[in-house]
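**Student:** My structure is stored as input-v8.csv, with CSV, C-alpha atoms.
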```csv
chain,number,residue,atom,x,y,z
A,963,MET,CA,-1.6,47.1,-48.2
A,964,SER,CA,-0.7,50.3,-46.4
A,965,ARG,CA,2.1,50.5,-43.8
A,966,LEU,CA,-0.4,50.8,-41.0
A,967,SER,CA,-2.3,47.7,-42.2
A,968,ARG,CA,0.9,45.7,-42.3
A,969,LEU,CA,1.8,46.8,-38.7
A,970,ILE,CA,-1.6,45.7,-37.5
A,971,ALA,CA,-1.4,42.3,-39.3
A,972,ALA,CA,2.1,41.8,-37.8
A,973,ALA,CA,0.9,42.7,-34.3
A,974,ILE,CA,-2.0,40.2,-34.6
A,975,PHE,CA,0.4,37.5,-35.9
A,976,VAL,CA,2.8,38.0,-33.0
A,977,VAL,CA,0.3,38.4,-30.1
A,978,SER,CA,-2.1,35.6,-30.9
A,979,PRO,CA,0.3,32.7,-30.4
A,980,VAL,CA,1.7,34.3,-27.2
A,981,SER,CA,-1.9,34.6,-25.9
A,982,GLY,CA,-2.6,31.0,-26.8
A,983,VAL,CA,0.5,29.8,-24.9
A,984,ALA,CA,-0.6,31.8,-21.9
A,985,ASP,CA,-4.0,30.2,-22.0
A,986,GLU,CA,-2.4,26.7,-22.3
A,987,ALA,CA,-0.1,27.5,-19.3
A,988,ALA,CA,-3.0,28.7,-17.2
A,989,ASP,CA,-5.0,25.5,-18.1
A,990,LEU,CA,-2.0,23.3,-17.2
A,991,ALA,CA,-1.6,25.1,-13.9
A,992,LYS,CA,-5.3,24.4,-13.1
A,993,GLN,CA,-4.8,20.7,-14.0
A,994,LEU,CA,-1.8,20.5,-11.7
A,995,SER,CA,-3.9,21.9,-8.9
A,996,ASN,CA,-6.1,18.8,-9.3
A,997,PRO,CA,-4.6,15.9,-7.4
A,998,ILE,CA,-6.4,13.4,-9.6
A,999,SER,CA,-6.1,15.0,-13.0
A,1000,SER,CA,-5.2,13.0,-16.1
A,1001,LEU,CA,-1.6,14.3,-16.1
A,1002,ILE,CA,1.6,12.4,-15.1
A,1003,SER,CA,3.3,14.6,-12.5
A,1004,VAL,CA,5.8,14.4,-9.8
A,1005,PRO,CA,5.2,17.0,-7.1
A,1006,LEU,CA,7.9,17.6,-4.5
A,1007,GLN,CA,6.8,18.8,-1.0
A,1008,TYR,CA,9.1,19.9,1.7
A,1009,ASN,CA,7.9,20.0,5.4
A,1010,TYR,CA,9.7,21.2,8.5
A,1011,ASP,CA,8.2,20.1,11.9
A,1012,ARG,CA,9.4,21.1,15.4
A,1013,GLY,CA,8.3,20.5,19.0
A,1014,MET,CA,8.1,16.8,18.4
A,1015,GLY,CA,8.7,13.8,20.7
A,1016,ALA,CA,8.3,13.1,24.4
A,1017,THR,CA,10.4,16.2,25.4
A,1018,GLY,CA,9.0,18.5,22.7
A,1019,THR,CA,12.5,19.3,21.5
A,1020,GLY,CA,12.5,17.1,18.4
A,1021,HIS,CA,12.4,18.4,14.9
A,1022,ARG,CA,12.0,16.7,11.5
A,1023,GLN,CA,12.6,17.6,7.8
A,1024,THR,CA,10.6,15.7,5.2
A,1025,LEU,CA,10.8,15.7,1.5
A,1026,ASN,CA,7.7,14.1,0.0
A,1027,ILE,CA,8.2,12.7,-3.5
A,1028,GLN,CA,4.7,12.3,-4.9
A,1029,PRO,CA,4.4,10.7,-8.4
A,1030,VAL,CA,0.9,10.7,-9.8
A,1031,VAL,CA,0.3,8.4,-12.8
A,1032,PRO,CA,-3.2,8.1,-14.5
A,1033,ILE,CA,-4.0,4.9,-16.3
A,1034,SER,CA,-7.1,4.8,-18.5
A,1035,THR,CA,-9.3,1.8,-17.8
A,1036,GLY,CA,-12.2,2.6,-20.1
A,1037,GLN,CA,-14.3,5.3,-21.5
A,1038,ASP,CA,-15.5,6.6,-18.2
A,1039,TRP,CA,-12.8,5.8,-15.7
A,1040,ASN,CA,-9.2,6.4,-14.8
A,1041,LEU,CA,-7.1,4.4,-12.4
A,1042,ILE,CA,-4.9,7.0,-10.6
A,1043,SER,CA,-1.7,5.7,-9.0
A,1044,ARG,CA,-0.8,8.3,-6.3
A,1045,THR,CA,2.3,7.5,-4.3
A,1046,ILE,CA,3.9,9.4,-1.4
A,1047,ILE,CA,7.6,8.6,-0.7
A,1048,PRO,CA,8.9,10.5,2.3
A,1049,VAL,CA,12.6,11.1,2.7
A,1050,ILE,CA,13.1,12.0,6.3
A,1051,ARG,CA,15.9,13.5,8.5
A,1052,GLN,CA,15.1,14.0,12.2
A,1053,LYS,CA,16.7,14.8,15.5
A,1054,ASP,CA,15.5,14.1,19.1
A,1055,VAL,CA,12.1,12.9,17.9
A,1056,VAL,CA,13.3,9.9,19.9
A,1057,PRO,CA,15.2,11.8,22.6
A,1058,GLY,CA,19.0,11.7,22.1
A,1059,THR,CA,18.9,10.2,18.6
A,1060,ARG,CA,19.5,11.4,15.0
A,1061,ARG,CA,17.8,9.3,12.3
A,1062,SER,CA,17.4,9.6,8.5
A,1063,GLY,CA,16.0,7.4,5.7
A,1064,VAL,CA,12.9,6.7,3.6
A,1065,GLY,CA,9.8,6.7,5.7
A,1066,ASP,CA,6.7,4.5,5.1
A,1067,ILE,CA,5.2,4.8,1.7
A,1068,VAL,CA,1.5,5.6,1.1
A,1069,GLN,CA,-0.1,4.3,-2.1
A,1070,SER,CA,-3.6,5.1,-3.4
A,1071,PHE,CA,-6.4,5.3,-5.4
A,1072,PHE,CA,-9.3,5.3,-8.0
A,1073,SER,CA,-11.1,8.1,-9.8
A,1074,PRO,CA,-13.6,8.8,-12.6
A,1075,LYS,CA,-12.5,10.8,-15.6
A,1076,ALA,CA,-15.1,13.5,-15.9
A,1077,PRO,CA,-16.7,15.9,-13.4
A,1078,THR,CA,-20.3,15.3,-12.4
A,1079,ALA,CA,-23.1,17.4,-13.8
A,1080,GLY,CA,-22.6,19.8,-10.9
A,1081,GLY,CA,-18.9,20.1,-11.6
A,1082,LEU,CA,-17.7,17.9,-8.7
A,1083,ILE,CA,-14.5,16.0,-9.4
A,1084,TRP,CA,-14.1,13.0,-7.0
A,1085,GLY,CA,-12.2,9.8,-6.5
A,1086,ALA,CA,-12.3,7.0,-4.0
A,1087,GLY,CA,-10.5,3.7,-3.5
A,1088,PRO,CA,-8.0,1.8,-1.4
A,1089,VAL,CA,-5.0,3.2,0.4
A,1090,LEU,CA,-2.0,1.2,1.6
A,1091,LEU,CA,0.8,2.1,4.1
A,1092,LEU,CA,3.9,0.1,3.2
A,1093,PRO,CA,6.7,0.0,5.8
A,1094,THR,CA,10.2,0.5,4.5
A,1095,HIS,CA,11.8,-0.9,7.7
A,1096,SER,CA,14.3,2.0,7.8
A,1097,LYS,CA,15.3,3.8,10.9
A,1098,VAL,CA,12.4,6.2,10.4
A,1099,SER,CA,9.8,3.5,9.5
A,1100,GLY,CA,6.9,2.6,11.8
A,1101,ARG,CA,7.5,-1.0,10.6
A,1102,GLN,CA,3.8,-1.7,10.4
A,1103,ALA,CA,1.7,-2.3,7.3
A,1104,ALA,CA,-1.8,-0.8,7.2
A,1105,ALA,CA,-4.7,-0.5,4.7
A,1106,GLY,CA,-7.8,1.5,4.4
A,1107,ILE,CA,-10.0,3.7,2.3
A,1108,THR,CA,-9.3,7.1,0.8
A,1109,ALA,CA,-11.4,9.7,-1.0
A,1110,VAL,CA,-11.0,13.1,-2.6
A,1111,GLY,CA,-13.5,15.7,-3.8
A,1112,LEU,CA,-12.9,19.1,-5.4
A,1113,LYS,CA,-14.4,21.7,-7.6
A,1114,GLN,CA,-12.8,24.1,-10.1
A,1115,ALA,CA,-14.4,27.4,-10.8
A,1116,GLY,CA,-12.6,30.0,-12.9
A,1117,PRO,CA,-9.1,30.3,-11.4
A,1118,TRP,CA,-10.1,28.7,-8.1
A,1119,THR,CA,-9.7,25.0,-7.1
A,1120,TYR,CA,-11.0,23.9,-3.7
A,1121,GLY,CA,-11.7,20.6,-2.0
A,1122,ALA,CA,-10.4,18.0,0.5
A,1123,LEU,CA,-8.6,14.7,0.6
A,1124,ALA,CA,-9.1,12.2,3.4
A,1125,ASN,CA,-8.2,8.6,4.3
A,1126,HIS,CA,-8.4,6.2,7.2
A,1127,LEU,CA,-5.9,3.4,7.9
A,1128,TRP,CA,-6.1,0.3,10.0
A,1129,SER,CA,-3.0,-1.9,10.9
A,1130,ILE,CA,-2.7,-5.3,9.3
A,1131,GLY,CA,-0.5,-8.3,10.0
A,1132,GLU,CA,0.6,-6.9,13.4
A,1133,THR,CA,2.9,-9.0,15.7
A,1134,ARG,CA,3.6,-9.0,19.4
A,1135,ASN,CA,7.2,-8.2,18.9
A,1136,SER,CA,7.2,-5.4,16.4
A,1137,GLY,CA,3.7,-4.6,15.4
A,1138,THR,CA,2.0,-1.4,16.3
A,1139,ARG,CA,-1.8,-1.0,16.2
A,1140,ILE,CA,-2.8,1.7,13.7
A,1141,SER,CA,-6.2,3.4,13.4
A,1142,SER,CA,-5.7,6.9,12.1
A,1143,THR,CA,-7.6,9.4,10.1
A,1144,PHE,CA,-6.0,11.9,7.8
A,1145,PHE,CA,-7.8,15.0,6.5
A,1146,GLN,CA,-6.4,17.7,4.1
A,1147,PRO,CA,-8.6,20.6,2.9
A,1148,PHE,CA,-7.0,22.8,0.2
A,1149,VAL,CA,-7.7,25.8,-1.9
A,1150,SER,CA,-5.6,27.2,-4.8
A,1151,TYR,CA,-5.7,30.2,-7.1
A,1152,SER,CA,-4.1,30.2,-10.6
A,1153,THR,CA,-3.2,33.5,-12.2
A,1154,PRO,CA,-3.6,34.2,-15.9
A,1155,ASP,CA,0.2,33.9,-16.4
A,1156,ALA,CA,0.2,30.4,-14.7
A,1157,TRP,CA,1.4,31.2,-11.1
A,1158,THR,CA,-0.5,29.1,-8.6
A,1159,PHE,CA,-0.9,29.9,-4.9
A,1160,THR,CA,-2.1,27.1,-2.6
A,1161,LEU,CA,-3.2,26.9,1.0
A,1162,ASN,CA,-3.8,23.6,2.7
A,1163,SER,CA,-4.0,22.1,6.2
A,1164,GLU,CA,-3.1,18.6,7.2
A,1165,THR,CA,-4.6,16.9,10.3
A,1166,THR,CA,-4.1,13.3,11.5
A,1167,TYR,CA,-6.0,11.8,14.4
A,1168,ASP,CA,-4.7,8.7,16.2
A,1169,TRP,CA,-7.7,6.7,17.4
A,1170,ILE,CA,-5.5,4.3,19.4
A,1171,GLY,CA,-3.5,6.9,21.2
A,1172,ASP,CA,-6.4,9.3,21.5
```
How does the structure come out when it is put into structure tokens?
**Tutor:**
Amino acid sequence: MSRLSRLIAAAIFVVSPVSGVADEAADLAKQLSNPISSLISVPLQYNYDRGMGATGTGHRQTLNIQPVVPISTGQDWNLISRTIIPVIRQKDVVPGTRRSGVGDIVQSFFSPKAPTAGGLIWGAGPVLLLPTHSKVSGRQAAAGITAVGLKQAGPWTYGALANHLWSIGETRNSGTRISSTFFQPFVSYSTPDAWTFTLNSETTYDWIGD
């Protein structure tokens, strides 16, 4: 083998595994962009909100801990456990107060394993709002339905998640009527070297308070 041939062979040997790792990383990034993929993941989301409360001077910091655990229930289905645990610190949301603690927990839902023939990935099932009875808890249980639909085309992932909650077990002393709709469209782009850029919007409508 000539010196040039040995150099070419060495170059192929070194580059190919790196390329394979890059492809795996890009594929993993796409799976992580899918909120109901068959991966165990624990996303962390930080939100800062201001202009809250009756006076409009309140602000809130929220760290959402969001473990996603898929459980295979057969050849065609996955049970996806998706939990959102908000850790909250707020000031003047209730005028003149500072409060912190674990907010109400949202637990959902159910999904098929494979995309449809048209490439649609979807999931639907129950959603529960579980009060933690902390200083930042609404102290009212609720239940409802949730659904998500998305498509992945090349480096792009786009879709939307929605749910609706109704209060259950309300009482005259501490219960609060709940009828609220949540809607979250999202789009993300994964680069070949596994960077992912995501844009989403979250909207909640309170049908009781209008």
**Student:** Using all atoms listed in the file, which of the listed residues (A:Gln1114, A:Gln1102, A:Thr1094, A:Asn1026) sits closest to Gly1080 in chain A?
**Tutor:** A:Gln1114
**Student:** For Arg1061 in chain A, please output as a list in words all residues within 10 Å (counting all atoms listed in the file; exclusion window: fewer than 6 positions along the same chain).
**Tutor:**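 Near neighbours after the sequence-gap exclusion: Arg1022, Ile1050, Arg1051, Gln1052, Lys1053, Asp1054, Val1055, Ser1096, Lys1097 and Val1098 of chain A.
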**Student:** Record the distance separating CA of Val1030 in chain A and CA of Ser1003 in chain A, expressed in Å with one decimal.
**Tutor:** 5.3 Å
**Student:** Taking all atoms listed in the file into account, which of A:Pro1074, A:Thr1138, A:Leu1123, A:Pro1088 comes nearest Glu1164 in chain A?
**Tutor:** A:Leu1123
**Student:** Find the spatial neighbours of Asp1011 in chain A, counting all atoms listed in the file, within a cut-off of 9 Å - ignore same-chain residues fewer than 6 positions away - and output them as a ChimeraX atom specification.
**Tutor:** /A:1020-1024
**Student:** Within 10 Å of (-5.8, 11.5, -17.0), in the coordinates the file gives, what residues turn up when you count all atoms listed in the file, written out as JSON, numbers by chain?
**Tutor:** {"A": [993, 998, 999, 1000, 1001, 1002, 1030, 1031, 1032, 1033, 1034, 1039, 1040, 1041, 1042, 1073, 1074, 1075, 1076]}
**Student:** If you count only C-alpha atoms, which residues fall within 9 Å of Ser1152 in chain A, apart from same-chain ones fewer than 2 positions away, as a ChimeraX atom specification?
**Tutor:** /A:988-989,991-992,995,1116-1119,1150,1154-1160
**Student:** With distances taken over only C-alpha atoms, which of A:Ala1103, A:Val1004, A:Val1068, A:Val1149 is nearest to Val1089 in chain A?
**Tutor:**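 Closest candidate: A:Val1068.
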**Student:** Which one is closest to Gly1058 in chain A: A:Lys1113, A:Asn1009, A:Phe1071, A:Thr1017? Count only C-alpha atoms.
**Tutor:**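 Checking each of A:Lys1113, A:Asn1009, A:Phe1071, A:Thr1017 against Gly1058 in chain A, counting only C-alpha atoms, the winner is A:Thr1017.
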**Student:** Which distance in Å separates CA of Gln1146 in chain A and CA of Ile1047 in chain A, to one decimal?
**Tutor:**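 Atom-to-atom, CA of Gln1146 in chain A and CA of Ile1047 in chain A are spaced 17.4 Å apart.
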**Student:** Which distance in Å separates CA of Leu994 in chain A and CA of Tyr1151 in chain A, to one decimal?
**Tutor:**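 Computing the Euclidean distance for CA of Leu994 in chain A and CA of Tyr1151 in chain A yields 11.4 Å.
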**Student:** Using only C-alpha atoms, can you tell me which of A:Ile1083, A:Ile1067, A:Ala1115, A:Ile1140 comes closest to Trp1169 in chain A?
**Tutor:**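 Closest candidate: A:Ile1140.
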**Student:** Would you please work out which residue, of A:Ser1129, A:Pro1077, A:Tyr1120, A:Gly1063, is nearest to Ser1099 in chain A when using all atoms listed in the file?
**Tutor:** A:Gly1063
**Student:** May I have the residues at most 8 Å from (-2.2, 6.9, 17.6) in the file's coordinates, counting all atoms listed in the file, as a ChimeraX atom specification?
**Tutor:** /A:1140-1142,1167-1172
**Student:** Would you list the contacts of Leu1006 in chain A as a list in words, taking every protein, DNA or RNA residue within 9 Å and counting all atoms listed in the file, but skipping same-chain residues closer than 2 positions in sequence?
**Tutor:**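 So, after excluding close chain neighbours, the residues are Val1004, Tyr1008, Leu1025, Asn1026, Ile1027, Gln1028 and Pro1029 of chain A.
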